[in-house]
>>> print(open('data06.pdb').read())   # PDB, C-alpha atoms
ATOM      1  CA  MET U   1      -1.920  -2.539  23.384
ATOM      2  CA  LYS U   2       0.045   0.282  21.695
ATOM      3  CA  ASN U   3      -1.107  -0.959  18.285
ATOM      4  CA  VAL U   4      -4.745  -0.865  19.426
ATOM      5  CA  ILE U   5      -4.384   2.711  20.716
ATOM      6  CA  LEU U   6      -2.694   3.813  17.488
ATOM      7  CA  LEU U   7      -5.430   2.188  15.372
ATOM      8  CA  LEU U   8      -8.164   3.923  17.380
ATOM      9  CA  ALA U   9      -6.372   7.278  17.066
ATOM     10  CA  LEU U  10      -5.994   6.958  13.318
ATOM     11  CA  THR U  11      -9.626   5.870  12.892
ATOM     12  CA  SER U  12     -10.814   8.821  14.954
ATOM     13  CA  CYS U  13      -8.719  11.242  12.921
ATOM     14  CA  LEU U  14      -9.810   9.916   9.554
ATOM     15  CA  PHE U  15     -13.504  10.082  10.426
ATOM     16  CA  GLY U  16     -13.163  13.381  12.245
ATOM     17  CA  CYS U  17     -11.353  15.058   9.344
ATOM     18  CA  ASN U  18     -14.326  14.829   7.001
ATOM     19  CA  ASN U  19     -15.724  18.149   8.202
ATOM     20  CA  VAL U  20     -12.481  20.098   7.964
ATOM     21  CA  HIS U  21     -12.832  23.299   5.914
ATOM     22  CA  ARG U  22     -10.614  23.530   2.852
ATOM     23  CA  ASN U  23      -8.453  26.329   4.283
ATOM     24  CA  GLU U  24      -7.923  24.662   7.627
ATOM     25  CA  ARG U  25      -4.780  22.611   8.171
ATOM     26  CA  VAL U  26      -4.787  18.850   7.986
ATOM     27  CA  SER U  27      -1.199  18.097   8.957
ATOM     28  CA  LEU U  28      -1.070  14.338   9.241
ATOM     29  CA  GLN U  29       2.587  13.470   9.778
ATOM     30  CA  LEU U  30       3.495  10.106   8.292
ATOM     31  CA  GLU U  31       5.951   8.002  10.262
ATOM     32  CA  HIS U  32       7.481   6.450   7.207
ATOM     33  CA  GLU U  33       8.353   7.546   3.691
ATOM     34  CA  LYS U  34       7.148   5.361   0.852
ATOM     35  CA  THR U  35       9.780   6.496  -1.635
ATOM     36  CA  PRO U  36      13.321   5.112  -1.323
ATOM     37  CA  ALA U  37      16.091   7.273   0.081
ATOM     38  CA  ILE U  38      18.867   8.495  -2.190
ATOM     39  CA  LYS U  39      21.927   6.346  -1.601
ATOM     40  CA  SER U  40      24.324   8.334  -3.781
ATOM     41  CA  SER U  41      24.376  11.012  -6.454
ATOM     42  CA  ASP U  42      25.539   8.348  -8.920
ATOM     43  CA  THR U  43      22.327   6.358  -8.386
ATOM     44  CA  LEU U  44      20.260   9.462  -9.013
ATOM     45  CA  ASP U  45      22.220  10.600 -12.065
ATOM     46  CA  ARG U  46      21.622   7.239 -13.724
ATOM     47  CA  LEU U  47      17.919   8.095 -13.945
ATOM     48  CA  PHE U  48      18.614  10.317 -16.948
ATOM     49  CA  GLU U  49      21.931   8.859 -18.124
ATOM     50  CA  ASN U  50      20.264   7.148 -21.089
ATOM     51  CA  LYS U  51      17.208   9.412 -21.148
ATOM     52  CA  PRO U  52      18.584  12.913 -21.826
ATOM     53  CA  GLU U  53      15.417  13.821 -23.709
ATOM     54  CA  TYR U  54      13.605  13.815 -20.349
ATOM     55  CA  LEU U  55      15.838  16.434 -18.722
ATOM     56  CA  ALA U  56      13.767  19.479 -17.790
ATOM     57  CA  ASP U  57      14.161  22.418 -20.161
ATOM     58  CA  GLN U  58      11.441  24.680 -18.772
ATOM     59  CA  PHE U  59       8.508  24.653 -16.346
ATOM     60  CA  ASP U  60       4.788  25.356 -16.849
ATOM     61  CA  PHE U  61       1.820  25.529 -14.501
ATOM     62  CA  PRO U  62       0.145  22.188 -13.708
ATOM     63  CA  ILE U  63      -3.376  23.341 -14.557
ATOM     64  CA  GLY U  64      -4.835  25.367 -17.424
ATOM     65  CA  LYS U  65      -1.608  24.641 -19.280
ATOM     66  CA  PRO U  66       0.694  26.314 -19.808
ATOM     67  CA  ASP U  67      -0.234  29.444 -17.832
ATOM     68  CA  ALA U  68      -3.009  28.405 -15.388
ATOM     69  CA  LYS U  69      -5.788  29.976 -17.461
ATOM     70  CA  GLY U  70      -9.125  29.429 -15.728
ATOM     71  CA  TYR U  71      -7.583  28.903 -12.278
ATOM     72  CA  TYR U  72      -6.464  31.014  -9.328
ATOM     73  CA  ASN U  73      -4.035  30.507  -6.465
ATOM     74  CA  ALA U  74      -6.368  30.253  -3.480
ATOM     75  CA  GLN U  75      -3.681  29.749  -0.834
ATOM     76  CA  LYS U  76      -0.196  30.860  -1.757
ATOM     77  CA  PHE U  77       3.186  29.663  -0.588
ATOM     78  CA  LYS U  78       3.910  30.780   3.015
ATOM     79  CA  GLU U  79       0.322  31.972   3.520
ATOM     80  CA  ASN U  80      -0.672  30.481   6.908
ATOM     81  CA  ASN U  81       2.719  28.683   6.770
ATOM     82  CA  HIS U  82       1.592  26.853   3.643
ATOM     83  CA  LEU U  83       4.393  24.932   1.901
ATOM     84  CA  GLY U  84       2.845  25.020  -1.565
ATOM     85  CA  ASP U  85       0.184  26.632  -3.736
ATOM     86  CA  ASP U  86      -3.489  25.620  -3.764
ATOM     87  CA  TRP U  87      -4.925  25.902  -7.278
ATOM     88  CA  ASN U  88      -8.710  26.237  -7.673
ATOM     89  CA  GLY U  89     -10.934  26.645 -10.704
ATOM     90  CA  ILE U  90     -12.361  30.158 -11.029
ATOM     91  CA  GLY U  91     -15.852  28.667 -10.707
ATOM     92  CA  GLY U  92     -15.171  27.867  -7.040
ATOM     93  CA  GLY U  93     -16.426  24.967  -4.960
ATOM     94  CA  ASN U  94     -16.059  21.614  -6.675
ATOM     95  CA  THR U  95     -16.388  22.983 -10.218
ATOM     96  CA  ASP U  96     -12.812  21.867 -10.957
ATOM     97  CA  LEU U  97     -13.283  18.315  -9.640
ATOM     98  CA  GLY U  98     -11.906  15.947 -12.268
ATOM     99  CA  ASP U  99     -10.059  18.647 -14.232
ATOM    100  CA  PRO U 100      -6.723  17.490 -15.712
ATOM    101  CA  ILE U 101      -3.406  17.932 -13.918
ATOM    102  CA  PHE U 102      -0.252  18.178 -16.032
ATOM    103  CA  SER U 103       3.416  17.587 -15.265
ATOM    104  CA  ILE U 104       5.133  20.948 -14.855
ATOM    105  CA  ALA U 105       8.268  19.702 -16.657
ATOM    106  CA  ASN U 106      10.009  16.700 -18.167
ATOM    107  CA  GLY U 107      10.888  14.211 -15.467
ATOM    108  CA  TYR U 108      10.608  10.840 -13.769
ATOM    109  CA  VAL U 109       7.618   9.616 -11.750
ATOM    110  CA  ASP U 110       9.143   8.703  -8.402
ATOM    111  CA  PHE U 111       5.904   8.067  -6.512
ATOM    112  CA  ALA U 112       2.202   7.705  -7.397
ATOM    113  CA  GLU U 113      -0.050   6.356  -4.674
ATOM    114  CA  ASN U 114      -2.914   7.093  -2.290
ATOM    115  CA  ILE U 115      -1.471   7.776   1.166
ATOM    116  CA  GLY U 116      -4.787   8.706   2.767
ATOM    117  CA  GLY U 117      -5.355  11.262   5.474
ATOM    118  CA  GLY U 118      -5.253  14.881   4.343
ATOM    119  CA  TRP U 119      -3.148  13.994   1.315
ATOM    120  CA  GLY U 120      -5.166  11.471  -0.687
ATOM    121  CA  ASN U 121      -3.653  10.531  -4.056
ATOM    122  CA  VAL U 122      -0.144  11.945  -4.369
ATOM    123  CA  ILE U 123       2.230  12.113  -7.344
ATOM    124  CA  ARG U 124       5.919  12.998  -6.923
ATOM    125  CA  ILE U 125       8.039  13.767  -9.992
ATOM    126  CA  LEU U 126      11.817  14.269 -10.106
ATOM    127  CA  HIS U 127      13.238  16.897 -12.460
ATOM    128  CA  LYS U 128      16.861  17.587 -13.401
ATOM    129  CA  HIS U 129      17.406  21.102 -14.744
ATOM    130  CA  ASP U 130      20.803  22.715 -15.387
ATOM    131  CA  SER U 131      22.519  20.117 -13.136
ATOM    132  CA  MET U 132      20.097  20.920 -10.297
ATOM    133  CA  TRP U 133      17.481  18.534  -8.908
ATOM    134  CA  TYR U 134      13.893  19.502  -8.152
ATOM    135  CA  GLU U 135      10.797  17.606  -7.133
ATOM    136  CA  SER U 136       7.189  18.524  -7.863
ATOM    137  CA  VAL U 137       4.478  17.169  -5.561
ATOM    138  CA  TYR U 138       0.801  17.024  -6.618
ATOM    139  CA  ALA U 139      -1.684  16.215  -3.853
ATOM    140  CA  HIS U 140      -5.404  15.508  -3.280
ATOM    141  CA  CYS U 141      -5.726  14.058  -6.805
ATOM    142  CA  ASP U 142      -9.016  12.411  -7.749
ATOM    143  CA  THR U 143      -7.243  10.020 -10.128
ATOM    144  CA  ILE U 144      -3.649   9.143 -11.008
ATOM    145  CA  THR U 145      -2.983   8.451 -14.694
ATOM    146  CA  VAL U 146       0.757   7.713 -14.568
ATOM    147  CA  LEU U 147       2.770   4.886 -13.081
ATOM    148  CA  LYS U 148       5.736   5.050 -10.759
ATOM    149  CA  GLY U 149       8.984   4.491 -12.661
ATOM    150  CA  THR U 150       7.870   6.103 -15.919
ATOM    151  CA  TYR U 151       9.370   9.077 -17.738
ATOM    152  CA  LEU U 152       7.202  11.899 -18.981
ATOM    153  CA  ARG U 153       7.314  15.206 -20.793
ATOM    154  CA  ARG U 154       6.174  18.642 -19.746
ATOM    155  CA  GLY U 155       2.429  19.068 -20.226
ATOM    156  CA  MET U 156       1.580  15.367 -20.061
ATOM    157  CA  GLN U 157      -1.555  14.623 -18.032
ATOM    158  CA  ILE U 158      -0.699  12.837 -14.791
ATOM    159  CA  GLY U 159      -4.034  12.865 -12.978
ATOM    160  CA  THR U 160      -7.147  14.855 -12.163
ATOM    161  CA  ILE U 161      -8.021  17.398  -9.490
ATOM    162  CA  GLY U 162      -9.592  15.867  -6.401
ATOM    163  CA  ASN U 163     -10.694  16.586  -2.854
ATOM    164  CA  ALA U 164      -8.765  13.990  -0.820
ATOM    165  CA  ASP U 165     -11.797  11.713  -0.559
ATOM    166  CA  GLY U 166     -14.127  14.548   0.434
ATOM    167  CA  ILE U 167     -11.963  16.224   3.076
ATOM    168  CA  TYR U 168     -11.702  19.480   1.081
ATOM    169  CA  LYS U 169     -13.397  21.311  -1.734
ATOM    170  CA  ALA U 170     -11.630  20.206  -4.915
ATOM    171  CA  HIS U 171      -8.244  21.819  -5.575
ATOM    172  CA  LEU U 172      -4.672  20.925  -6.431
ATOM    173  CA  HIS U 173      -2.003  21.298  -3.763
ATOM    174  CA  LEU U 174       1.329  21.808  -5.563
ATOM    175  CA  GLU U 175       4.757  21.853  -3.945
ATOM    176  CA  ILE U 176       8.167  22.335  -5.550
ATOM    177  CA  ARG U 177      11.154  21.185  -3.545
ATOM    178  CA  ASP U 178      14.876  21.602  -4.083
ATOM    179  CA  ARG U 179      15.602  18.865  -1.527
ATOM    180  CA  ILE U 180      14.171  15.806  -3.165
ATOM    181  CA  ARG U 181      12.694  12.700  -1.570
ATOM    182  CA  MET U 182      12.112  14.337   1.793
ATOM    183  CA  ASP U 183       9.331  12.915   3.968
ATOM    184  CA  ILE U 184       5.947  13.971   2.654
ATOM    185  CA  GLY U 185       5.459  16.128   5.768
ATOM    186  CA  GLY U 186       2.317  17.958   6.804
ATOM    187  CA  GLY U 187       1.853  20.628   4.137
ATOM    188  CA  TYR U 188       2.308  23.473   6.633
ATOM    189  CA  SER U 189       5.392  24.601   8.531
ATOM    190  CA  GLU U 190       7.244  27.740   9.581
ATOM    191  CA  ASN U 191      10.388  25.984   8.358
ATOM    192  CA  THR U 192      10.516  26.260   4.548
ATOM    193  CA  ASP U 193      13.967  24.701   4.123
ATOM    194  CA  GLY U 194      13.849  22.562   0.975
ATOM    195  CA  PHE U 195      10.640  24.163  -0.334
ATOM    196  CA  LEU U 196      10.367  26.743  -3.120
ATOM    197  CA  ASP U 197       7.623  29.202  -4.017
ATOM    198  CA  PRO U 198       5.946  27.257  -6.872
ATOM    199  CA  THR U 199       4.543  30.261  -8.748
ATOM    200  CA  GLU U 200       7.769  32.229  -8.509
ATOM    201  CA  PHE U 201       9.819  29.235  -9.616
ATOM    202  CA  ILE U 202       7.614  28.460 -12.624
ATOM    203  CA  GLU U 203       7.491  32.088 -13.741
ATOM    204  CA  THR U 204      11.292  32.336 -13.437
ATOM    205  CA  HIS U 205      11.884  29.107 -15.374
TER     206      HIS U 205
END
>>> encode(input="data06.pdb", output="structure tokens")
Amino acid sequence: MKNVILLLALTSCLFGCNNVHRNERVSLQLEHEKTPAIKSSDTLDRLFENKPEYLADQFDFPIGKPDAKGYYNAQKFKENNHLGDDWNGIGGGNTDLGDPIFSIANGYVDFAENIGGGWGNVIRILHKHDSMWYESVYAHCDTITVLKGTYLRRGMQIGTIGNADGIYKAHLHLEIRDRIRMDIGGGYSENTDGFLDPTEFIETH
């Protein structure tokens, strides 16, 4: 009976979310995380042990590379408790639908999958920079052009800007985290522990 109720609730949410305005919150909390938990620092360090050329040396913007030319930050970090930046094309609406998304730095694709709800296609990339670990999260993608488990360089195309299957006007939701492999979360929270201001971080690095 519980499974039936849960299925009906999810179906109602998914169909009811189609009319949500882009700036309204769609905080669908997932009960499970699809990326594996870190078991030890040794396991993580081995990711780049034989791939030092993929250590992150600097960070660029994920659109209009390298400096976001042609785009604007429509909803900044902490605005309305937002945990990332929402990047839109200056043409507005869906004019940026299908535009390329680039990796902000050298790294390792830890996750690349459609998780539905308000997230759609999501890519999560791990970066090691000056002995520190960071994770970049790219959400609402129209397409994913990289595979989980692959290494990539800064500026490589990883997908295209989407609208989470029509829930929003097209834009890229970008998060940068200094606590990696956390649950995907809801995209909005008063608690910003583990989340960094993406624009500030990229401009600093």
>>> resolve_selection(input="data06.pdb", expression="the PyMOL selection byres ((chain U and resi 205) around 7)", output="VMD selection string")
chain U and resid 58 to 59 201 to 204
>>> atom_distance(input="data06.pdb", atom1="CA of Thr145 (chain U)", atom2="CA of Ala112 (chain U)")
9.0 Å
>>> resolve_selection(input="data06.pdb", expression="the PyMOL selection byres ((chain U and resi 94) around 12)", output="count of residues only")
24
>>> axis_aligned_box(input="data06.pdb", around="region 168-180 of chain U", padding_each_side="4 Å", output="lines of an AutoDock Vina configuration file")
center_x = 1.1
center_y = 19.1
center_z = -2.7
size_x = 37.0
size_y = 14.5
size_z = 15.5
>>> atom_distance(input="data06.pdb", atom1="CA of Val109 (chain U)", atom2="CA of Lys148 (chain U)")
5.0 Å
>>> closest_residue(input="data06.pdb", among="U:Gly155, U:Gly194, U:Gly117, U:Pro52", to="Asp67 (chain U)", atoms="all atoms listed in the file")
U:Gly155
>>> resolve_selection(input="data06.pdb", expression="the PyMOL selection byres ((chain U and resi 156) around 6)", output="PDB file with C-alpha atoms, keeping the file's coordinate frame")
ATOM      1  CA  PHE U 102      -0.252  18.178 -16.032  1.00  0.00           C
ATOM      2  CA  SER U 103       3.416  17.587 -15.265  1.00  0.00           C
ATOM      3  CA  ARG U 153       7.314  15.206 -20.793  1.00  0.00           C
ATOM      4  CA  ARG U 154       6.174  18.642 -19.746  1.00  0.00           C
ATOM      5  CA  GLY U 155       2.429  19.068 -20.226  1.00  0.00           C
ATOM      6  CA  GLN U 157      -1.555  14.623 -18.032  1.00  0.00           C
TER       7      GLN U 157
END
>>> residues_around(input="data06.pdb", residues="Gly64 (chain U)", least_positions_apart="6", cutoff="9 Å", atoms="all atoms listed in the file", output="PyMOL selection string")
chain U and resi 70-71+100-102
>>> write_last_selection(input="data06.pdb", atoms="C-alpha atoms", output="PDB file, in the coordinates of the input")
ATOM      1  CA  GLY U  70      -9.125  29.429 -15.728  1.00  0.00           C
ATOM      2  CA  TYR U  71      -7.583  28.903 -12.278  1.00  0.00           C
ATOM      3  CA  PRO U 100      -6.723  17.490 -15.712  1.00  0.00           C
ATOM      4  CA  ILE U 101      -3.406  17.932 -13.918  1.00  0.00           C
ATOM      5  CA  PHE U 102      -0.252  18.178 -16.032  1.00  0.00           C
TER       6      PHE U 102
END
>>> closest_residue(input="data06.pdb", among="U:Trp133, U:Tyr138, U:Phe77, U:Phe61", to="Thr192 (chain U)", atoms="all atoms listed in the file")
U:Phe77
>>> closest_residue(input="data06.pdb", among="U:Gly84, U:Gly149, U:Gly107, U:Gly186", to="His129 (chain U)", atoms="only C-alpha atoms")
U:Gly107
>>> residues_around(input="data06.pdb", residues="Asp86 (chain U)", least_positions_apart="2", cutoff="6 Å", atoms="all atoms listed in the file", output="count of residues only")
5
>>> residues_around(input="data06.pdb", residues="region 178-180 of chain U", least_positions_apart="3", cutoff="10 Å", atoms="only C-alpha atoms", output="PyMOL selection string")
chain U and resi 37-38+124-127+132-136+183+193-196
>>> atom_distance(input="data06.pdb", atom1="CA of Ile144 (chain U)", atom2="CA of Arg46 (chain U)")
25.5 Å
